[in-house]
file coords.cif (mmCIF, C-alpha atoms)
data_data
#
loop_
_atom_site.label_atom_id
_atom_site.label_comp_id
_atom_site.auth_asym_id
_atom_site.auth_seq_id
_atom_site.Cartn_x
_atom_site.Cartn_y
_atom_site.Cartn_z
CA MET P 3 29.23 12.90 -10.43
CA ILE P 4 26.04 14.27 -12.03
CA GLU P 5 25.74 11.07 -14.07
CA ARG P 6 25.96 8.93 -10.93
CA VAL P 7 23.38 11.00 -9.09
CA THR P 8 21.05 10.67 -12.09
CA LEU P 9 21.49 6.88 -12.08
CA ILE P 10 20.54 6.78 -8.40
CA PHE P 11 17.42 8.88 -8.94
CA ASP P 12 16.41 6.65 -11.85
CA ALA P 13 16.66 3.63 -9.52
CA PHE P 14 13.43 4.79 -7.85
CA HIS P 15 10.68 3.76 -10.25
CA SER P 16 7.87 5.46 -8.33
CA ALA P 17 7.43 8.23 -5.79
CA GLY P 18 6.51 5.92 -2.90
CA GLU P 19 9.11 3.22 -3.56
CA ILE P 20 11.49 2.29 -0.73
CA LEU P 21 14.70 0.44 -1.62
CA PRO P 22 17.47 -1.10 0.47
CA LEU P 23 21.01 -0.05 -0.36
CA GLY P 24 21.68 -3.18 -2.41
CA SER P 25 18.69 -2.58 -4.67
CA VAL P 26 19.68 1.04 -5.30
CA ALA P 27 23.22 -0.02 -6.16
CA ARG P 28 22.09 -2.82 -8.50
CA ARG P 29 19.60 -0.64 -10.37
CA ALA P 30 22.08 2.21 -10.66
CA GLY P 31 24.90 -0.13 -11.72
CA LEU P 32 27.24 1.38 -9.11
CA PRO P 33 29.42 -0.12 -6.36
CA TYR P 34 27.81 -0.33 -2.91
CA SER P 35 30.38 2.03 -1.37
CA THR P 36 29.86 4.67 -4.07
CA THR P 37 26.08 4.38 -3.82
CA HIS P 38 26.16 4.70 -0.03
CA ARG P 39 28.43 7.76 -0.14
CA ILE P 40 26.22 9.56 -2.68
CA LEU P 41 23.03 8.63 -0.80
CA GLU P 42 24.46 10.10 2.42
CA SER P 43 25.08 13.40 0.63
CA LEU P 44 21.60 13.35 -0.91
CA ILE P 45 20.03 12.72 2.52
CA ARG P 46 21.76 15.77 3.99
CA LEU P 47 20.38 17.89 1.14
CA GLU P 48 16.85 16.36 1.42
CA TRP P 49 16.90 14.80 -2.05
CA VAL P 50 16.56 11.35 -0.44
CA ASN P 51 15.11 10.14 2.87
CA GLN P 52 16.36 7.18 4.90
CA THR P 53 13.70 5.05 6.59
CA PRO P 54 13.91 1.87 8.72
CA LEU P 55 13.09 -0.08 5.54
CA GLY P 56 15.56 1.63 3.21
CA TYR P 57 15.85 4.74 1.04
CA ALA P 58 13.07 6.80 -0.58
CA LEU P 59 12.88 10.02 -2.54
CA GLY P 60 12.94 13.06 -0.27
CA ARG P 61 11.23 16.43 -0.38
CA ARG P 62 13.37 17.78 -3.21
CA GLY P 63 13.49 14.53 -5.16
CA LEU P 64 9.70 14.24 -5.16
CA ARG P 65 9.35 17.65 -6.81
CA PHE P 66 10.95 16.22 -9.94
CA ARG P 67 8.56 13.28 -10.22
CA SER P 68 5.55 14.11 -12.38
CA GLY P 69 2.43 13.75 -10.29
CA ALA P 70 4.44 12.50 -7.33
CA VAL P 71 2.84 12.46 -3.91
CA ASP P 72 4.83 12.73 -0.69
CA HIS P 73 3.51 10.03 1.65
CA THR P 74 5.96 10.83 4.45
CA ALA P 75 3.33 12.25 6.84
CA LEU P 76 0.92 9.37 6.22
CA ARG P 77 3.64 6.78 6.81
CA ALA P 78 4.81 8.48 9.99
CA THR P 79 1.25 8.59 11.34
CA ALA P 80 0.54 4.98 10.40
CA ALA P 81 3.81 3.42 11.60
CA PRO P 82 2.98 2.87 15.31
CA HIS P 83 -0.47 1.51 14.44
CA LEU P 84 0.96 -0.91 11.87
CA HIS P 85 3.47 -2.23 14.39
CA ALA P 86 0.81 -2.57 17.10
CA LEU P 87 -1.51 -4.41 14.70
CA HIS P 88 1.26 -6.83 13.75
CA LEU P 89 2.02 -7.55 17.41
CA GLN P 90 -1.67 -8.12 18.13
CA THR P 91 -2.36 -10.41 15.18
CA GLY P 92 1.00 -12.00 14.35
CA THR P 93 0.15 -11.41 10.67
CA PRO P 94 2.08 -9.29 8.13
CA VAL P 95 0.59 -5.78 7.95
CA PHE P 96 0.69 -3.51 4.90
CA LEU P 97 0.04 0.16 4.20
CA THR P 98 -1.12 0.74 0.62
CA ALA P 99 -1.76 4.17 -0.88
CA LEU P 100 -3.83 5.43 -3.77
CA ASP P 101 -1.37 6.80 -6.35
CA GLY P 102 -3.12 8.08 -9.44
CA VAL P 103 -4.98 5.12 -10.92
CA ASP P 104 -2.81 2.55 -9.12
CA THR P 105 -2.09 1.27 -5.67
CA VAL P 106 1.45 1.41 -4.30
CA VAL P 107 2.67 -0.52 -1.25
CA LEU P 108 4.25 2.01 1.12
CA ASP P 109 5.16 -0.11 4.13
CA ARG P 110 5.18 -3.65 5.44
CA VAL P 111 5.56 -4.85 9.03
CA GLY P 112 6.30 -8.54 9.61
CA GLY P 113 6.55 -11.45 7.24
CA GLY P 114 10.34 -11.85 7.29
CA ARG P 115 12.42 -11.47 4.15
CA ALA P 116 10.05 -13.33 1.82
CA ALA P 117 7.35 -10.91 0.67
CA LEU P 118 4.08 -12.16 -0.73
CA PRO P 119 3.94 -11.78 -4.53
CA GLY P 120 2.79 -8.31 -5.52
CA LEU P 121 3.10 -7.01 -1.96
CA GLU P 122 6.74 -5.99 -1.95
CA VAL P 123 7.30 -2.44 -0.70
CA GLY P 124 7.12 -0.18 -3.74
CA ALA P 125 5.04 -2.63 -5.78
CA ARG P 126 2.28 -1.10 -7.89
CA GLY P 127 -0.92 -2.71 -9.06
CA ALA P 128 -4.41 -2.18 -10.42
CA LEU P 129 -6.90 -0.97 -7.82
CA HIS P 130 -9.45 -3.75 -8.32
CA ARG P 131 -6.93 -6.59 -7.95
CA SER P 132 -6.05 -6.20 -4.25
CA ALA P 133 -7.97 -6.09 -0.99
CA GLY P 134 -6.47 -2.68 -0.21
CA GLY P 135 -7.50 -1.32 -3.60
CA ARG P 136 -11.06 -2.58 -3.26
CA ALA P 137 -11.30 -1.15 0.26
CA MET P 138 -10.37 2.26 -1.15
CA LEU P 139 -12.69 1.89 -4.16
CA SER P 140 -15.61 1.12 -1.85
CA ALA P 141 -15.41 4.68 -0.48
CA LEU P 142 -15.97 6.15 -3.96
CA THR P 143 -19.09 6.59 -6.06
CA PRO P 144 -19.76 4.07 -8.86
CA GLU P 145 -18.92 6.77 -11.41
CA GLU P 146 -15.56 7.47 -9.76
CA VAL P 147 -14.84 3.73 -9.59
CA GLU P 148 -15.45 3.27 -13.31
CA GLU P 149 -13.27 6.26 -14.18
CA LEU P 150 -10.36 4.91 -12.14
CA VAL P 151 -10.46 1.27 -13.21
CA SER P 152 -10.98 2.18 -16.88
CA ALA P 153 -7.97 4.51 -17.01
CA PRO P 154 -4.88 3.43 -18.99
CA PRO P 155 -2.42 1.39 -16.88
CA ARG P 156 0.73 3.00 -15.48
CA GLY P 157 4.12 1.65 -14.55
CA GLY P 158 3.93 -1.24 -16.99
CA ARG P 159 1.19 -3.07 -15.13
CA CYS P 160 -0.85 -5.41 -17.20
CA GLY P 161 -3.77 -7.77 -16.89
CA PRO P 162 -7.33 -7.95 -18.14
CA PRO P 163 -9.71 -5.11 -17.26
CA PRO P 164 -12.28 -5.96 -14.60
CA SER P 165 -15.86 -6.92 -15.28
CA LEU P 166 -17.61 -3.75 -14.13
CA PRO P 167 -20.87 -5.47 -13.06
CA ALA P 168 -18.90 -8.02 -11.02
CA LEU P 169 -16.71 -5.28 -9.53
CA HIS P 170 -19.74 -3.19 -8.51
CA ARG P 171 -21.32 -6.25 -6.86
CA GLU P 172 -18.12 -6.92 -4.94
CA LEU P 173 -17.79 -3.28 -3.85
CA ASP P 174 -21.42 -3.32 -2.69
CA ARG P 175 -20.52 -6.24 -0.41
CA VAL P 176 -17.47 -4.34 0.83
CA ARG P 177 -19.61 -1.27 1.61
CA ARG P 178 -22.13 -3.40 3.51
CA ARG P 179 -19.21 -4.63 5.64
CA GLY P 180 -18.31 -1.01 6.45
CA GLY P 181 -15.44 -0.83 3.97
CA LEU P 182 -13.89 -4.17 4.91
CA ALA P 183 -12.48 -6.02 1.87
CA VAL P 184 -11.97 -9.76 2.26
CA GLU P 185 -9.83 -12.18 0.30
CA ARG P 186 -10.25 -15.92 0.75
CA ALA P 187 -8.17 -18.85 -0.38
CA ALA P 188 -10.72 -19.69 -3.09
CA THR P 189 -10.46 -18.13 -6.54
CA VAL P 190 -13.11 -16.00 -8.20
CA PRO P 191 -13.01 -15.42 -11.98
CA GLY P 192 -12.33 -11.81 -12.91
CA PHE P 193 -10.61 -10.84 -9.67
CA GLY P 194 -7.89 -13.42 -9.11
CA ALA P 195 -7.24 -15.03 -5.76
CA GLY P 196 -9.64 -14.29 -3.03
CA ALA P 197 -12.08 -11.59 -4.09
CA GLY P 198 -15.82 -11.81 -4.28
CA ARG P 199 -18.42 -14.20 -3.02
CA MET P 200 -16.97 -17.23 -1.29
CA SER P 201 -17.93 -20.20 0.78
CA ALA P 202 -18.05 -19.31 4.47
CA ALA P 203 -15.69 -22.22 5.06
CA SER P 204 -12.95 -20.69 2.88
CA ASP P 205 -9.91 -19.49 4.82
CA ILE P 206 -9.31 -15.75 4.97
CA VAL P 207 -5.93 -14.80 3.49
CA GLY P 208 -6.42 -11.04 3.16
CA LEU P 209 -8.31 -8.25 4.93
CA ALA P 210 -8.21 -4.51 4.25
CA ALA P 211 -9.88 -1.37 5.58
CA PRO P 212 -9.63 2.13 4.08
CA VAL P 213 -7.88 5.14 5.54
CA LEU P 214 -10.20 8.07 4.85
CA GLY P 215 -9.26 11.73 4.57
CA ALA P 216 -11.17 14.92 3.97
CA THR P 217 -11.28 14.27 0.22
CA GLY P 218 -11.95 10.53 0.32
CA PRO P 219 -9.78 7.40 0.57
CA SER P 220 -6.03 7.99 0.63
CA ALA P 221 -4.74 4.60 1.75
CA ALA P 222 -5.66 1.21 3.16
CA VAL P 223 -4.36 -0.95 5.98
CA SER P 224 -4.34 -4.65 5.24
CA LEU P 225 -3.43 -8.03 6.67
CA HIS P 226 -2.16 -10.70 4.28
CA ALA P 227 -1.24 -14.29 5.00
CA ARG P 228 -0.52 -17.49 3.15
CA PRO P 229 -3.30 -20.12 2.95
CA THR P 230 -1.30 -22.38 5.26
CA VAL P 231 -1.66 -19.79 8.06
CA PRO P 232 -5.07 -18.14 7.51
CA ILE P 233 -6.24 -14.96 9.23
CA ARG P 234 -8.71 -15.44 12.08
CA GLU P 235 -11.92 -13.43 12.25
CA TRP P 236 -11.01 -11.95 15.64
CA CYS P 237 -8.41 -9.87 13.76
CA ILE P 238 -11.14 -7.93 11.93
CA PRO P 239 -12.03 -5.38 14.64
CA LEU P 240 -8.33 -4.81 15.37
CA LEU P 241 -7.68 -4.01 11.70
CA VAL P 242 -10.69 -1.71 11.39
CA GLN P 243 -9.78 0.17 14.57
CA ALA P 244 -6.20 0.68 13.35
CA ALA P 245 -7.44 2.11 10.03
CA ARG P 246 -9.86 4.43 11.83
CA ARG P 247 -7.19 5.68 14.21
CA ILE P 248 -4.85 6.45 11.32
CA SER P 249 -7.71 8.25 9.55
CA GLY P 250 -8.49 10.29 12.64
CA GLU P 251 -4.89 11.24 13.35
CA THR P 252 -4.25 12.12 9.72
CA GLU P 253 -7.16 14.55 9.76
CA GLY P 254 -6.64 15.68 13.36
CA ASP P 255 -10.01 14.27 14.44
CA ASP P 256 -11.02 11.99 17.27
CA PRO P 257 -9.50 8.61 16.36
CA ASP P 258 -11.99 6.62 18.46
CA SER P 259 -15.00 6.59 16.18
CA SER P 260 -18.32 5.46 17.60
CA ALA P 261 -19.20 3.71 14.34
CA PRO P 262 -19.71 -0.05 14.74
CA VAL P 263 -16.77 -2.32 14.01
CA PRO P 264 -17.47 -5.36 11.82
CA ALA P 265 -17.22 -8.50 13.92
CA SER P 266 -17.06 -10.99 11.07
CA ALA P 267 -16.50 -11.25 7.35
#
call {"tool": "encode", "arguments": {"input": "coords.cif", "output": "structure tokens"}}
result
Amino acid sequence: MIERVTLIFDAFHSAGEILPLGSVARRAGLPYSTTHRILESLIRLEWVNQTPLGYALGRRGLRFRSGAVDHTALRATAAPHLHALHLQTGTPVFLTALDGVDTVVLDRVGGGRAALPGLEVGARGALHRSAGGRAMLSALTPEEVEELVSAPPRGGRCGPPPSLPALHRELDRVRRRGGLAVERAATVPGFGAGAGRMSAASDIVGLAAPVLGATGPSAAVSLHARPTVPIREWCIPLLVQAARRISGETEGDDPDSSAPVPASA
């Protein structure tokens, strides 16, 4: 029994990862019925949590992950705003958190069964390579940015390091948009699809705004779409307002900030 429980814990590769029953069973190499029975016992003992999207490590399980962060409160606060934003925009909505030197996708609302590459729930990535990561980086000082993006990769992620001058220029543009990171269908060397300086005619395929706490950025809310169904600019204020409301509720402040909302990208 202890061996089976260990296999199930090892199925969760990161603290914020959420897995459906089938994924837990496949990774653990156990039958579905056995996996489900053990998970039900672990839920009762708070080793595992069950969410609408699947299973995640619970309060006790997180204590045995080195450096693990419990995002339960953040996800609970964000959930109604993510759903409302999806209903308003008709675009898949994502909640991405800062986890050490990486980003980790905590939740997704909309988009059906086919997730966009790199945006599956539980997926990890380098901060500079996603709209959500750049939105969070824009809230940090240049020195903090360089320390994070220069740190050794975790979780097996790979890819070339960013060009720091290009990254600082991009983050300066994000800051001038009030923290709004924009990805377009064009490609910019050094950042992959969508980041950086683009033609105004390029279709928007990604938008992100940071969720700010007392100690800085903790997460980002983002919209992502395929180039065949681009995001319209009227979605921008809705996204920014959702991120601000989550920030305010997380910190217990007034969620209706008087700060101006970007009207265009």
call {"tool": "atom_distance", "arguments": {"input": "coords.cif", "atom1": "CA of Asp109 (chain P)", "atom2": "CA of Leu97 (chain P)"}}
result
5.1 Å
call {"tool": "resolve_selection", "arguments": {"input": "coords.cif", "expression": "the PyMOL selection byres ((chain P and resi 232-236) around 8)", "output": "list in words"}}
result
Thr93, Asp205, Ile206, Val207, Gly208, Leu225, His226, Ala227, Arg228, Pro229, Thr230, Val231, Cys237, Ile238, Pro239, Leu240, Ala265, Ser266 and Ala267 of chain P
call {"tool": "closest_residue", "arguments": {"input": "coords.cif", "among": "P:Ala99, P:Met138, P:Leu41, P:Val151", "to": "Ala210 (chain P)", "atoms": "all atoms listed in the file"}}
result
P:Met138
call {"tool": "closest_residue", "arguments": {"input": "coords.cif", "among": "P:Asp101, P:Glu185, P:Glu146, P:Glu251", "to": "Ser220 (chain P)", "atoms": "only C-alpha atoms"}}
result
P:Asp101
call {"tool": "atom_distance", "arguments": {"input": "coords.cif", "atom1": "CA of Gly60 (chain P)", "atom2": "CA of Gly24 (chain P)"}}
result
18.6 Å
call {"tool": "atom_distance", "arguments": {"input": "coords.cif", "atom1": "CA of Ile20 (chain P)", "atom2": "CA of Ala187 (chain P)"}}
result
28.9 Å
call {"tool": "closest_residue", "arguments": {"input": "coords.cif", "among": "P:Gln52, P:Thr143, P:Ser249, P:Thr98", "to": "Ala216 (chain P)", "atoms": "all atoms listed in the file"}}
result
P:Ser249
call {"tool": "resolve_selection", "arguments": {"input": "coords.cif", "expression": "the PyMOL selection byres ((chain P and resi 22) around 10)", "output": "list in words"}}
result
Ile20, Leu21, Leu23, Gly24, Ser25, Val26, Ala27, Gln52, Thr53, Pro54, Leu55, Gly56, Tyr57 and Ala58 of chain P
call {"tool": "closest_residue", "arguments": {"input": "coords.cif", "among": "P:Gly215, P:Pro94, P:Gly250, P:Pro33", "to": "Gly112 (chain P)", "atoms": "only C-alpha atoms"}}
result
P:Pro94
call {"tool": "residues_around", "arguments": {"input": "coords.cif", "residues": "Pro212 (chain P)", "least_positions_apart": "5", "cutoff": "6 Å", "atoms": "all atoms listed in the file", "output": "list in words"}}
result
Ala137, Met138, Ala221 and Ala222 of chain P
call {"tool": "resolve_selection", "arguments": {"input": "coords.cif", "expression": "the PyMOL selection byres ((chain P and resi 132) around 12)", "output": "NGL selection string"}}
result
:P and (96 or 98-100 or 104-107 or 119-121 or 125-131 or 133-139 or 169 or 183-186 or 193-198 or 207-211 or 222-226)
call {"tool": "closest_residue", "arguments": {"input": "coords.cif", "among": "P:Val7, P:Leu44, P:Ala81, P:Leu108", "to": "Leu32 (chain P)", "atoms": "only C-alpha atoms"}}
result
P:Val7
